[in-house]
>>> print(open('run-v1.json').read())   # JSON, C-alpha atoms
[["chain", "number", "residue", "atom", "x", "y", "z"],
["M", 42, "MET", "CA", 0.00, 0.00, 0.00],
["M", 43, "PRO", "CA", 1.56, 3.31, -1.01],
["M", 44, "LEU", "CA", 2.03, 5.87, 1.75],
["M", 45, "PRO", "CA", 2.17, 9.22, -0.05],
["M", 46, "PHE", "CA", 3.11, 11.20, 3.06],
["M", 47, "LEU", "CA", 6.42, 9.29, 3.24],
["M", 48, "THR", "CA", 7.69, 10.40, -0.15],
["M", 49, "ALA", "CA", 8.36, 13.86, -1.40],
["M", 50, "ASP", "CA", 6.26, 14.94, -4.35],
["M", 51, "GLY", "CA", 8.44, 15.34, -7.35],
["M", 52, "VAL", "CA", 11.01, 12.78, -6.21],
["M", 53, "SER", "CA", 10.89, 9.62, -8.27],
["M", 54, "ASP", "CA", 10.84, 6.35, -6.36],
["M", 55, "ALA", "CA", 13.48, 4.92, -8.69],
["M", 56, "ASP", "CA", 15.97, 7.61, -7.66],
["M", 57, "ASP", "CA", 17.05, 6.92, -4.09],
["M", 58, "ASP", "CA", 19.15, 10.07, -3.86],
["M", 59, "GLY", "CA", 16.26, 12.31, -4.93],
["M", 60, "ASP", "CA", 18.41, 14.14, -7.49],
["M", 61, "GLU", "CA", 15.94, 14.10, -10.34],
["M", 62, "LEU", "CA", 12.73, 16.03, -9.89],
["M", 63, "GLN", "CA", 9.66, 15.37, -11.98],
["M", 64, "ALA", "CA", 7.40, 18.17, -13.12],
["M", 65, "HIS", "CA", 3.90, 18.15, -11.64],
["M", 66, "ALA", "CA", 1.02, 20.05, -13.15],
["M", 67, "ASP", "CA", -0.88, 20.54, -9.89],
["M", 68, "HIS", "CA", 1.02, 23.15, -7.89],
["M", 69, "ASP", "CA", -2.10, 23.97, -5.84],
["M", 70, "ARG", "CA", -1.64, 20.83, -3.74],
["M", 71, "TRP", "CA", 0.44, 21.05, -0.56],
["M", 72, "ARG", "CA", 3.58, 18.96, -0.95],
["M", 73, "ARG", "CA", 6.73, 18.32, 1.03],
["M", 74, "PRO", "CA", 9.74, 19.17, -1.19],
["M", 75, "TYR", "CA", 11.96, 16.56, 0.49],
["M", 76, "ARG", "CA", 11.76, 13.06, 1.92],
["M", 77, "PRO", "CA", 11.39, 12.50, 5.65],
["M", 78, "GLY", "CA", 14.71, 11.64, 7.23],
["M", 79, "PRO", "CA", 15.72, 8.32, 8.74],
["M", 80, "TRP", "CA", 15.47, 9.63, 12.31],
["M", 81, "ARG", "CA", 11.86, 10.74, 11.82],
["M", 82, "VAL", "CA", 10.88, 7.49, 10.11],
["M", 83, "GLY", "CA", 12.75, 5.37, 12.67],
["M", 84, "ILE", "CA", 11.10, 7.07, 15.66],
["M", 85, "ALA", "CA", 7.68, 6.71, 14.02],
["M", 86, "ALA", "CA", 8.38, 3.02, 13.34],
["M", 87, "LEU", "CA", 9.29, 2.48, 17.00],
["M", 88, "LEU", "CA", 6.09, 4.24, 18.07],
["M", 89, "LEU", "CA", 4.05, 2.04, 15.75],
["M", 90, "LEU", "CA", 5.79, -1.06, 17.14],
["M", 91, "LEU", "CA", 4.94, 0.10, 20.66],
["M", 92, "SER", "CA", 1.33, 0.64, 19.62],
["M", 93, "ALA", "CA", 1.17, -2.93, 18.27],
["M", 94, "PHE", "CA", 2.12, -4.24, 21.71],
["M", 95, "MET", "CA", -0.39, -1.90, 23.29],
["M", 96, "LEU", "CA", -3.13, -3.21, 20.99],
["M", 97, "LEU", "CA", -2.13, -6.77, 21.88],
["M", 98, "SER", "CA", -2.42, -5.92, 25.56],
["M", 99, "THR", "CA", -5.81, -4.34, 24.83],
["M", 100, "MET", "CA", -6.99, -7.62, 23.37],
["M", 101, "ILE", "CA", -5.64, -9.64, 26.32],
["M", 102, "VAL", "CA", -7.29, -7.34, 28.86],
["M", 103, "ALA", "CA", -10.58, -7.44, 26.92],
["M", 104, "PHE", "CA", -10.58, -11.26, 26.80],
["M", 105, "ALA", "CA", -9.90, -11.30, 30.54],
["M", 106, "GLY", "CA", -13.07, -9.27, 31.05],
["M", 107, "GLY", "CA", -11.57, -5.96, 32.10],
["M", 108, "TRP", "CA", -13.51, -3.70, 29.74],
["M", 109, "GLY", "CA", -12.47, -0.50, 31.50],
["M", 110, "GLY", "CA", -8.80, -1.41, 31.30],
["M", 111, "ALA", "CA", -9.20, -2.48, 27.68],
["M", 112, "GLY", "CA", -10.73, 0.90, 26.85],
["M", 113, "VAL", "CA", -7.83, 2.71, 28.49],
["M", 114, "CYS", "CA", -5.29, 0.54, 26.63],
["M", 115, "LEU", "CA", -7.11, 1.12, 23.34],
["M", 116, "ALA", "CA", -7.20, 4.89, 23.87],
["M", 117, "ALA", "CA", -3.48, 4.93, 24.73],
["M", 118, "ALA", "CA", -2.63, 2.83, 21.65],
["M", 119, "LEU", "CA", -4.66, 5.13, 19.40],
["M", 120, "ALA", "CA", -2.89, 8.15, 20.90],
["M", 121, "VAL", "CA", 0.51, 6.58, 20.15],
["M", 122, "ILE", "CA", -0.59, 5.77, 16.56],
["M", 123, "GLY", "CA", -1.82, 9.35, 16.11],
["M", 124, "SER", "CA", 1.49, 10.65, 17.47],
["M", 125, "ALA", "CA", 3.47, 8.52, 15.01],
["M", 126, "LEU", "CA", 1.40, 9.74, 12.07],
["M", 127, "ARG", "CA", 1.67, 13.36, 13.18],
["M", 128, "LEU", "CA", 5.43, 12.95, 13.54],
["M", 129, "LEU", "CA", 5.63, 11.67, 9.96],
["M", 130, "ARG", "CA", 3.53, 14.57, 8.70],
["M", 131, "ALA", "CA", 5.67, 17.25, 10.40],
["M", 132, "GLY", "CA", 7.90, 19.39, 8.21],
["M", 133, "VAL", "CA", 7.74, 22.14, 5.62],
["M", 134, "TRP", "CA", 5.11, 21.95, 2.88],
["M", 135, "VAL", "CA", 4.79, 24.22, -0.14],
["M", 136, "SER", "CA", 2.13, 25.04, -2.71],
["M", 137, "ARG", "CA", 1.19, 27.87, -4.99],
["M", 138, "ALA", "CA", -0.65, 29.45, -2.03],
["M", 139, "GLY", "CA", 2.39, 29.66, 0.22],
["M", 140, "LEU", "CA", 4.54, 27.94, 2.77],
["M", 141, "ARG", "CA", 3.22, 25.71, 5.53],
["M", 142, "ARG", "CA", 5.21, 24.66, 8.60],
["M", 143, "VAL", "CA", 3.62, 21.57, 10.13],
["M", 144, "GLY", "CA", 4.76, 20.92, 13.67],
["M", 145, "PHE", "CA", 3.82, 18.19, 16.10],
["M", 146, "PHE", "CA", 1.27, 20.34, 17.92],
["M", 147, "GLY", "CA", 0.29, 22.93, 15.32],
["M", 148, "THR", "CA", 0.39, 24.10, 11.75],
["M", 149, "ARG", "CA", 1.22, 27.57, 10.52],
["M", 150, "SER", "CA", 0.77, 28.78, 6.94],
["M", 151, "ILE", "CA", 2.34, 31.86, 5.39],
["M", 152, "ALA", "CA", 1.29, 33.21, 1.99],
["M", 153, "TRP", "CA", 4.10, 33.88, -0.45],
["M", 154, "SER", "CA", 3.09, 37.55, -0.52],
["M", 155, "GLU", "CA", 3.85, 37.83, 3.24],
["M", 156, "ILE", "CA", 7.43, 36.58, 2.85],
["M", 157, "ALA", "CA", 10.16, 39.18, 2.37],
["M", 158, "GLU", "CA", 13.04, 36.71, 1.99],
["M", 159, "LEU", "CA", 14.20, 33.15, 2.60],
["M", 160, "ARG", "CA", 17.82, 32.56, 3.52],
["M", 161, "THR", "CA", 20.11, 29.92, 4.93],
["M", 162, "VAL", "CA", 22.07, 31.15, 7.96],
["M", 163, "GLN", "CA", 24.58, 29.76, 10.45],
["M", 164, "GLN", "CA", 23.09, 29.87, 13.93],
["M", 165, "PRO", "CA", 22.56, 27.72, 17.03],
["M", 166, "VAL", "CA", 19.92, 25.10, 16.17],
["M", 167, "ARG", "CA", 18.14, 22.51, 18.25],
["M", 168, "TRP", "CA", 19.50, 18.98, 17.93],
["M", 169, "LEU", "CA", 16.64, 16.61, 16.94],
["M", 170, "GLY", "CA", 14.16, 19.11, 18.37],
["M", 171, "LEU", "CA", 15.54, 18.66, 21.88],
["M", 172, "PRO", "CA", 16.55, 21.58, 24.14],
["M", 173, "ARG", "CA", 20.26, 21.00, 23.40],
["M", 174, "THR", "CA", 21.56, 23.43, 20.77],
["M", 175, "VAL", "CA", 24.50, 23.05, 18.43],
["M", 176, "GLN", "CA", 25.97, 25.27, 15.73],
["M", 177, "GLY", "CA", 24.33, 24.52, 12.41],
["M", 178, "GLN", "CA", 22.49, 25.82, 9.38],
["M", 179, "ALA", "CA", 18.87, 26.90, 9.32],
["M", 180, "LEU", "CA", 16.49, 28.00, 6.59],
["M", 181, "THR", "CA", 14.81, 31.12, 7.96],
["M", 182, "VAL", "CA", 11.95, 33.30, 6.79],
["M", 183, "ALA", "CA", 11.79, 37.08, 7.07],
["M", 184, "ARG", "CA", 8.19, 38.26, 6.94],
["M", 185, "ARG", "CA", 7.20, 41.60, 5.45],
["M", 186, "ASP", "CA", 5.49, 42.68, 8.68],
["M", 187, "GLY", "CA", 8.60, 41.85, 10.74],
["M", 188, "ALA", "CA", 6.94, 39.07, 12.79],
["M", 189, "GLU", "CA", 9.25, 36.36, 14.14],
["M", 190, "VAL", "CA", 8.98, 32.96, 12.50],
["M", 191, "PRO", "CA", 10.88, 29.92, 13.84],
["M", 192, "ALA", "CA", 13.44, 28.31, 11.54],
["M", 193, "LEU", "CA", 11.77, 26.26, 8.84],
["M", 194, "LEU", "CA", 14.47, 23.64, 8.38],
["M", 195, "THR", "CA", 17.69, 22.92, 10.21],
["M", 196, "ASP", "CA", 20.53, 20.58, 9.35],
["M", 197, "HIS", "CA", 20.20, 18.96, 12.80],
["M", 198, "ASN", "CA", 16.48, 18.12, 12.81],
["M", 199, "ALA", "CA", 15.02, 14.63, 12.37],
["M", 200, "ASP", "CA", 14.97, 14.97, 8.57],
["M", 201, "PHE", "CA", 18.51, 16.17, 7.91],
["M", 202, "LEU", "CA", 20.78, 15.02, 10.75],
["M", 203, "SER", "CA", 24.01, 13.78, 9.08],
["M", 204, "ARG", "CA", 22.53, 14.53, 5.64],
["M", 205, "ALA", "CA", 23.98, 17.92, 4.68],
["M", 206, "GLU", "CA", 23.39, 17.42, 0.95],
["M", 207, "ALA", "CA", 19.71, 16.65, 1.56],
["M", 208, "PHE", "CA", 19.39, 19.82, 3.64],
["M", 209, "ASP", "CA", 20.98, 21.91, 0.89],
["M", 210, "ARG", "CA", 18.68, 20.35, -1.73],
["M", 211, "ALA", "CA", 15.57, 20.94, 0.39],
["M", 212, "ALA", "CA", 16.54, 24.56, 1.17],
["M", 213, "ASP", "CA", 17.20, 25.21, -2.53],
["M", 214, "THR", "CA", 13.86, 23.65, -3.48],
["M", 215, "VAL", "CA", 11.91, 25.78, -0.99],
["M", 216, "ALA", "CA", 13.79, 28.86, -2.21],
["M", 217, "ALA", "CA", 12.92, 27.96, -5.82],
["M", 218, "TRP", "CA", 9.23, 27.75, -4.87],
["M", 219, "ALA", "CA", 9.54, 31.15, -3.19],
["M", 220, "ASP", "CA", 11.23, 32.65, -6.25],
["M", 221, "GLU", "CA", 8.51, 31.30, -8.52],
["M", 222, "TYR", "CA", 5.44, 32.30, -6.50],
["M", 223, "ARG", "CA", 6.52, 35.23, -4.32],
["M", 224, "PRO", "CA", 5.41, 38.53, -5.87],
["M", 225, "VAL", "CA", 8.20, 40.92, -6.78],
["M", 226, "PRO", "CA", 8.06, 44.06, -4.59],
["M", 227, "ALA", "CA", 7.38, 47.28, -6.50]]
>>> encode(input="run-v1.json", output="structure tokens")
Amino acid sequence: MPLPFLTADGVSDADDDGDELQAHADHDRWRRPYRPGPWRVGIAALLLLLSAFMLLSTMIVAFAGGWGGAGVCLAAALAVIGSALRLLRAGVWVSRAGLRRVGFFGTRSIAWSEIAELRTVQQPVRWLGLPRTVQGQALTVARRDGAEVPALLTDHNADFLSRAEAFDRAADTVAAWADEYRPVPA
């Protein structure tokens, strides 16, 4: 069964490196311009494995007659499955309408007309989203109204840790989308 949220639109499945991009006619659809990284996929796989054991325990508790406990186990397993799917969905998404930053707890969209510039900068970045910071690269957005926006991509997040070339490709792809759809200031 294909899982479209695991692959980047425009990246052919035959090309493991993701170097060749295919042209898509529908630029109105939200798409992630890069593949999820091995850390993100690995953590989600471990969460799904944990949820399988939780569902097994739900069945055992239900057969033992503890319907209240089975309901609690089922709710916890569904929460873990939802967390794994949300973790896989997190990242930067682009479309003709703008830029969307999907986080674990929330989603924020910015229209291309609200973006003054996109740039890659050297700055302290969070390592795998944890409180520990290290020196790294980040793709940042400067809005026209001057509002602060967190870094879109970093080379130390779950998608790009130890994959500098993939970070550069993703940052260039997002910048290309911005160049194509961001209106030129008068």
>>> closest_residue(input="run-v1.json", among="M:Gly170, M:Leu194, M:Leu159, M:Ala138", to="M:Asp67", atoms="only C-alpha atoms")
M:Ala138
>>> residues_around(input="run-v1.json", residues="M:Thr148", least_positions_apart="5", cutoff="10 Å", atoms="all atoms listed in the file", output="VMD selection string")
chain M and resid 131 to 133 141 to 143
>>> closest_residue(input="run-v1.json", among="M:Leu193, M:Leu89, M:Val166, M:Ala157", to="M:Leu128", atoms="only C-alpha atoms")
M:Leu89
>>> residues_around(input="run-v1.json", residues="M:Val113", least_positions_apart="3", cutoff="12 Å", atoms="all atoms listed in the file", output="MDAnalysis selection string")
chainID M and resid 95:96 98:100 102:103 107:110 116:120
>>> atom_distance(input="run-v1.json", atom1="atom CA of M:Ala179", atom2="atom CA of M:Arg137")
22.8 Å
>>> residues_around(input="run-v1.json", residues="M:Trp71", least_positions_apart="6", cutoff="6 Å", atoms="only C-alpha atoms", output="list of chain:residue names")
M:Trp134, M:Val135, M:Ser136
>>> atom_distance(input="run-v1.json", atom1="atom CA of M:Pro165", atom2="atom CA of M:Asn198")
12.1 Å
>>> closest_residue(input="run-v1.json", among="M:Leu140, M:Ala192, M:Ala85, M:Val175", to="M:Ala216", atoms="all atoms listed in the file")
M:Leu140
>>> atom_distance(input="run-v1.json", atom1="atom CA of M:Ile156", atom2="atom CA of M:Arg184")
4.5 Å
>>> residues_near_point(input="run-v1.json", point="(18.8, 14.0, 9.6)", cutoff="10 Å", atoms="only C-alpha atoms", output="list in words")
Pro77, Gly78, Pro79, Trp80, Arg81, Trp168, Leu169, Thr195, Asp196, His197, Asn198, Ala199, Asp200, Phe201, Leu202, Ser203, Arg204, Ala205, Ala207 and Phe208 of chain M
>>> write_last_selection(input="run-v1.json", atoms="C-alpha atoms", output="PDB file, in the frame of the given file")
ATOM      1  CA  PRO M  77      11.390  12.500   5.650  1.00  0.00           C
ATOM      2  CA  GLY M  78      14.710  11.640   7.230  1.00  0.00           C
ATOM      3  CA  PRO M  79      15.720   8.320   8.740  1.00  0.00           C
ATOM      4  CA  TRP M  80      15.470   9.630  12.310  1.00  0.00           C
ATOM      5  CA  ARG M  81      11.860  10.740  11.820  1.00  0.00           C
ATOM      6  CA  TRP M 168      19.500  18.980  17.930  1.00  0.00           C
ATOM      7  CA  LEU M 169      16.640  16.610  16.940  1.00  0.00           C
ATOM      8  CA  THR M 195      17.690  22.920  10.210  1.00  0.00           C
ATOM      9  CA  ASP M 196      20.530  20.580   9.350  1.00  0.00           C
ATOM     10  CA  HIS M 197      20.200  18.960  12.800  1.00  0.00           C
ATOM     11  CA  ASN M 198      16.480  18.120  12.810  1.00  0.00           C
ATOM     12  CA  ALA M 199      15.020  14.630  12.370  1.00  0.00           C
ATOM     13  CA  ASP M 200      14.970  14.970   8.570  1.00  0.00           C
ATOM     14  CA  PHE M 201      18.510  16.170   7.910  1.00  0.00           C
ATOM     15  CA  LEU M 202      20.780  15.020  10.750  1.00  0.00           C
ATOM     16  CA  SER M 203      24.010  13.780   9.080  1.00  0.00           C
ATOM     17  CA  ARG M 204      22.530  14.530   5.640  1.00  0.00           C
ATOM     18  CA  ALA M 205      23.980  17.920   4.680  1.00  0.00           C
ATOM     19  CA  ALA M 207      19.710  16.650   1.560  1.00  0.00           C
ATOM     20  CA  PHE M 208      19.390  19.820   3.640  1.00  0.00           C
TER      21      PHE M 208
END
